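Q: Take a look at the following structure, please.
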Amino acid sequence: MESNTPSTWLPGGSSTSSPTPPDRIPAGHYLAGMPDPFALPFDNRFARLHPTFYEVVDPTPLGQPYLIAFNPDAAALLDLPPDAAAHPDAAAYLSGGKRMPGAEPLAMIYAGHQFGVWVPQLGDGRAILLGQVTNSRGEHWDVQLKGSGMTRFSRMGDGRAVLRSTIREYLASEAMHGLGIPTTRALAIVGSDDPVYRETPETAATLIRLAPSHIRFGSFQIFAARGQPDRSRELADHVIERHEPDLVGRPDRHERWLERVVDRTAELMASWMAVGFAHGVMNTDNMSVLGLTLDYGPYGFMEAYEPGFICNHSDHEGRYAFDRQPAIGLWNLARFAESLLELVSFEAANAALNRYPTAFDQRYGALMRSKLGLTTTDADDTSLVGELLSLMAANRVDYTIWFRSLCAVSSDAEAAPAFLRSMAHDLERLDAWTSRYTARLRAEKRPDPERMAAMGRVNPKYVLRNYLAQGAIDAALGKDYSEIESLRRVLAAPFDEHPEQARYAEPAPPWARDLVVSCSS
C-alpha cells in the first residue's frame, strides 16, 4: 500500500490573557481549608481498557521541584484557575511528586516505523498518562507528564527530560495553537537541579501536556504485528466512542473512521506546509489518530525558504525534509491502514488512502489562496503559487516575513514595491510575478483594505524561530524564566502587531546559523 503524493501545488486566534507570572504570585495565596484546584474531574476511560495497552506506573519525583512556567490558556481547558500556580503543592502535582486526586498513572504501549525502520515495541519511555479529564464543556483532555522517570518502555533511557527540550515543546505547541494548527497543548514546566546527562550534563524538567488523545498510529501497529485483532478492535472502538460518537454502532464505523484519519492527516500536512513548519521526526509513533501535531523534538519554522529544508541534524538522509512531509504523511497512513486490515477490507483501506492527494491539495490550495488574499478559485492558481514558491527559493527570502509583506502590496502595482525588491535579487522575475499577481487581485475586485486586513489574519508576523527558543533557553539556564512567558504571550496571538515585542519578528541574527537541533532536542 505504498504511494507517492502527487501534489499539483508543491515545486520539486487565540487567547492573550496576561496573568501574574508564577514567580510573582504571593506565597500563601491558598489558605487551609480552600478547595484543592488540582482535584480535577478525572474520567479515566483508557485505564479501563485491557491491561495489554499500558503499564501501571507512578512518576518518579524530581528532587526539590520548582515551577518555571504555567499556561493559563491551557489551564482553562481543564477548568483549572490561573492562580492554581500559587498552590503550595503546585510544583509537586505538576511534576508527579504528588498524585492529583483521581489520577491513575500509566505508560502507553505502541510500536512504529522510526526513519522508515520497523521497531516492534516502543511506548512511553519518559511520559506517563495521569488520566483523562472531562471539563465543564464536555471536552475530553488527556493529562500527560513528560520527563517523569523510567517505565518498562524506556529502552535503556533514563526517563527524564531536560529543561532545554521541555521549553522547546512548551513554546512550540502554544505557537502552533496560536497559528490555528491542531496540536497538543502545554500546561506547565517544572524544573529541578537534578542532573540529567545528554551530550553534556543538563538539569531535569517535566512538562505537563494536554491532548484530546495521545493515541497514535503505532498504538495500532503493535497489535497488528502481534496478531491480536481483538485488541485493535477494542482500541479503535474506544477512539470512535470517545471522539467519533456519530459512528458508534455503525457496521462500517472502522472504514468511515479510517477515512477521517486520512482526511485530517492530509489537512494537517497542508497546514504545516502553508505556515512553513517542519516537524523533523515524522515516525509513525509520532502521528496522532486525531490529526494533531504530536511530539515536538527537532522541529523548525522555515526562515530562508528552501523546499528541501532539513530541520533535524540527525536526519542524515533527509527523510523528513520539509518538502517530503506530504509524501511521508501518506506513507505513514499506509502503514496505519495496514494495521487495520483485520477491521477493514483491503479495498476499503485503499479507497481511504486514495482520498489523501485530493484532501491535501484542496486544503493546501485553500490555505495558499487565503495567504495571497484570494477568495475565488482560478485554473491558474496552481501555477501562480508554484512560481511564487520557486521565486522565493531562488531568492532565499524569509518565508514568514515575505508572506507578511505581501499583505501590503497594492492591487494597482505593476511591478514589485520597494519593500519586496529589497529582499530579492532577481528583480525582473519578481516584477513579472507581481504583475501577474496584482492582475489576479484586480480581477477579484476586492477592496484593498479589506483584502490586506484578511491577509494579516492568516499570515503571521511571529513564529517560533529557533533563535528565539534558544534565547528563552539560555535565559532559563540562568534562572530567568520571564522570556518563556513573554514569548508565549506573543505566540498565542501571532497575527497581531505587538509593537512592544517587535524584536520577535526580526530575522535570525548571524550567530543563529550555527544552531542545530537533533533527536536529543
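Ligands are numbered from 1 in the order shown, residues from 1 within each chain, and chains are lettered A, B, ... in the order they appear in the C-alpha cells.
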Might you pull out every residue within 12 Å of A:Leu374, with only C-alpha atoms counted and same-chain residues fewer than 6 positions away left off, and present them as a list in words?

A: Gly365, Ala366, Leu367, Met368, Asp381, Leu384, Val385, Cys407, Ser411, Tyr437, Thr438, Ala439, Arg440, Leu441, Arg442, Ala443, Glu444, Lys445, Arg446, Pro447, Asp448, Glu450, Arg451, Met452, Ala454, Met455 and Val458 of chain A

Q: Set the distance at 6 Å and use only C-alpha atoms: which residues neighbour stretch 215-225 of chain A once local chain neighbours fewer than 2 positions away are removed? I'd like the list as a ChimeraX atom specification.

A: /A:110-112,213,227-228,232,284-285,287-289,336,339

Q: Can you pull out every residue from stretch 326-391 of chain A that DSSP, working from the backbone, puts in helix (DSSP H, G or I), and format the result as a VMD selection string?

A: chain A and resid 326 to 338 346 to 353 356 to 371 381 to 391

Q: Find, counting only C-alpha atoms, the residue in A:Val281, A:Asn44, A:Asp378, A:Leu343 that gets nearest to A:Gly318.

A: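 For A:Gly318, the nearest of the candidates is A:Val281.
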
Q: May I have the residues within 12 Å of A:Lys461 as an MDAnalysis selection string, using only C-alpha atoms and disregarding those fewer than 3 positions away in the same chain?

A: chainID A and resid 175 178:179 275 398:407 455:458 464:465 490:499 501:507

Q: Convert the current residue selection to file output with N, CA and C atoms, as a compact mmCIF listing (two decimals), in the first residue's frame.

A:
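Contents of selection.txt, freshly written:
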# COMPACT_ATOMS: atom_id res chain seq x y z
N ALA A 175 2.71 27.90 20.17
CA ALA A 175 2.85 28.65 18.92
C ALA A 175 1.97 28.04 17.83
N GLY A 178 -1.61 28.92 18.44
CA GLY A 178 -1.85 30.30 18.05
C GLY A 178 -2.02 30.46 16.55
N LEU A 179 -1.36 29.62 15.78
CA LEU A 179 -1.48 29.64 14.33
C LEU A 179 -2.71 28.92 13.82
N VAL A 275 2.35 27.13 6.59
CA VAL A 275 2.95 28.03 7.57
C VAL A 275 4.46 27.91 7.59
N ASP A 398 12.99 35.19 3.41
CA ASP A 398 12.44 34.68 4.66
C ASP A 398 10.96 34.36 4.46
N TYR A 399 10.57 33.13 4.75
CA TYR A 399 9.22 32.66 4.43
C TYR A 399 8.15 33.50 5.14
N THR A 400 8.28 33.67 6.43
CA THR A 400 7.27 34.38 7.20
C THR A 400 7.24 35.87 6.87
N ILE A 401 8.40 36.49 6.81
CA ILE A 401 8.47 37.92 6.52
C ILE A 401 7.95 38.21 5.12
N TRP A 402 8.25 37.35 4.16
CA TRP A 402 7.83 37.56 2.78
C TRP A 402 6.30 37.55 2.67
N PHE A 403 5.67 36.53 3.24
CA PHE A 403 4.21 36.46 3.13
C PHE A 403 3.55 37.59 3.91
N ARG A 404 4.11 37.96 5.04
CA ARG A 404 3.54 39.09 5.79
C ARG A 404 3.68 40.37 4.97
N SER A 405 4.78 40.52 4.24
CA SER A 405 4.99 41.71 3.42
C SER A 405 4.01 41.78 2.26
N LEU A 406 3.61 40.62 1.73
CA LEU A 406 2.65 40.61 0.63
C LEU A 406 1.32 41.24 1.02
N CYS A 407 1.04 41.28 2.32
CA CYS A 407 -0.21 41.90 2.78
C CYS A 407 -0.29 43.37 2.36
N MET A 455 -5.55 39.21 4.81
CA MET A 455 -4.24 38.57 4.69
C MET A 455 -3.46 38.66 6.00
N GLY A 456 -3.62 39.77 6.72
CA GLY A 456 -2.95 39.91 8.00
C GLY A 456 -3.43 38.95 9.05
N ARG A 457 -4.62 38.39 8.84
CA ARG A 457 -5.17 37.43 9.80
C ARG A 457 -4.76 36.00 9.51
N VAL A 458 -4.08 35.76 8.39
CA VAL A 458 -3.64 34.39 8.05
C VAL A 458 -2.14 34.30 7.81
N LEU A 464 7.85 30.79 15.95
CA LEU A 464 8.89 30.42 16.92
C LEU A 464 10.17 30.06 16.18
N ARG A 465 10.94 31.06 15.86
CA ARG A 465 12.24 30.82 15.23
C ARG A 465 13.17 30.15 16.25
N VAL A 490 3.14 36.38 23.04
CA VAL A 490 3.16 36.86 21.65
C VAL A 490 2.75 35.75 20.70
N LEU A 491 3.27 34.54 20.91
CA LEU A 491 2.97 33.42 20.02
C LEU A 491 1.51 32.98 20.12
N ALA A 492 0.85 33.31 21.22
CA ALA A 492 -0.57 32.99 21.34
C ALA A 492 -1.42 33.84 20.40
N ALA A 493 -0.89 34.97 19.96
CA ALA A 493 -1.60 35.85 19.02
C ALA A 493 -0.61 36.30 17.95
N PRO A 494 -0.17 35.39 17.08
CA PRO A 494 0.94 35.68 16.18
C PRO A 494 0.60 36.60 15.02
N PHE A 495 -0.69 36.88 14.81
CA PHE A 495 -1.10 37.74 13.70
C PHE A 495 -1.22 39.20 14.13
N ASP A 496 -1.16 39.45 15.44
CA ASP A 496 -1.22 40.82 15.94
C ASP A 496 0.14 41.49 15.82
N GLU A 497 0.15 42.80 15.95
CA GLU A 497 1.39 43.55 15.75
C GLU A 497 2.35 43.48 16.94
N HIS A 498 1.84 43.55 18.16
CA HIS A 498 2.68 43.53 19.36
C HIS A 498 3.87 44.49 19.24
N PRO A 499 3.64 45.78 19.07
CA PRO A 499 4.76 46.70 18.84
C PRO A 499 5.81 46.67 19.94
N GLN A 501 6.94 44.13 21.36
CA GLN A 501 7.76 42.93 21.20
C GLN A 501 8.15 42.71 19.74
N ALA A 502 8.28 43.78 18.99
CA ALA A 502 8.58 43.67 17.55
C ALA A 502 9.89 42.95 17.29
N ARG A 503 10.77 42.91 18.28
CA ARG A 503 12.06 42.22 18.08
C ARG A 503 11.86 40.74 17.77
N TYR A 504 10.75 40.17 18.22
CA TYR A 504 10.50 38.76 17.95
C TYR A 504 10.20 38.48 16.48
N ALA A 505 9.90 39.52 15.71
CA ALA A 505 9.61 39.35 14.28
C ALA A 505 10.86 39.49 13.42
N GLU A 506 11.98 39.80 14.01
CA GLU A 506 13.20 40.03 13.23
C GLU A 506 13.77 38.71 12.73
N PRO A 507 14.42 38.73 11.57
CA PRO A 507 15.06 37.51 11.08
C PRO A 507 16.20 37.09 11.98

Q: Separation of atom CA of A:Leu187 and atom CA of A:Glu169, in Å?

A: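 The value is 10.8 Å.
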
Q: Could you please determine the separation between atom CA of A:Ser435 and atom CA of A:Asp412 in Å, to one decimal place?

A: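 Pair atom CA of A:Ser435 / atom CA of A:Asp412 returns 9.0 Å.
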
Q: Give me the residues within 8 Å of A:Arg152 as a count of residues only, counting only C-alpha atoms and dropping any in the same chain fewer than 2 places off.

A: 5

Q: Enter the distance from atom CA of A:Glu199 to atom CA of A:Pro509, in Å, rounded to one decimal.

A: 25.2 Å
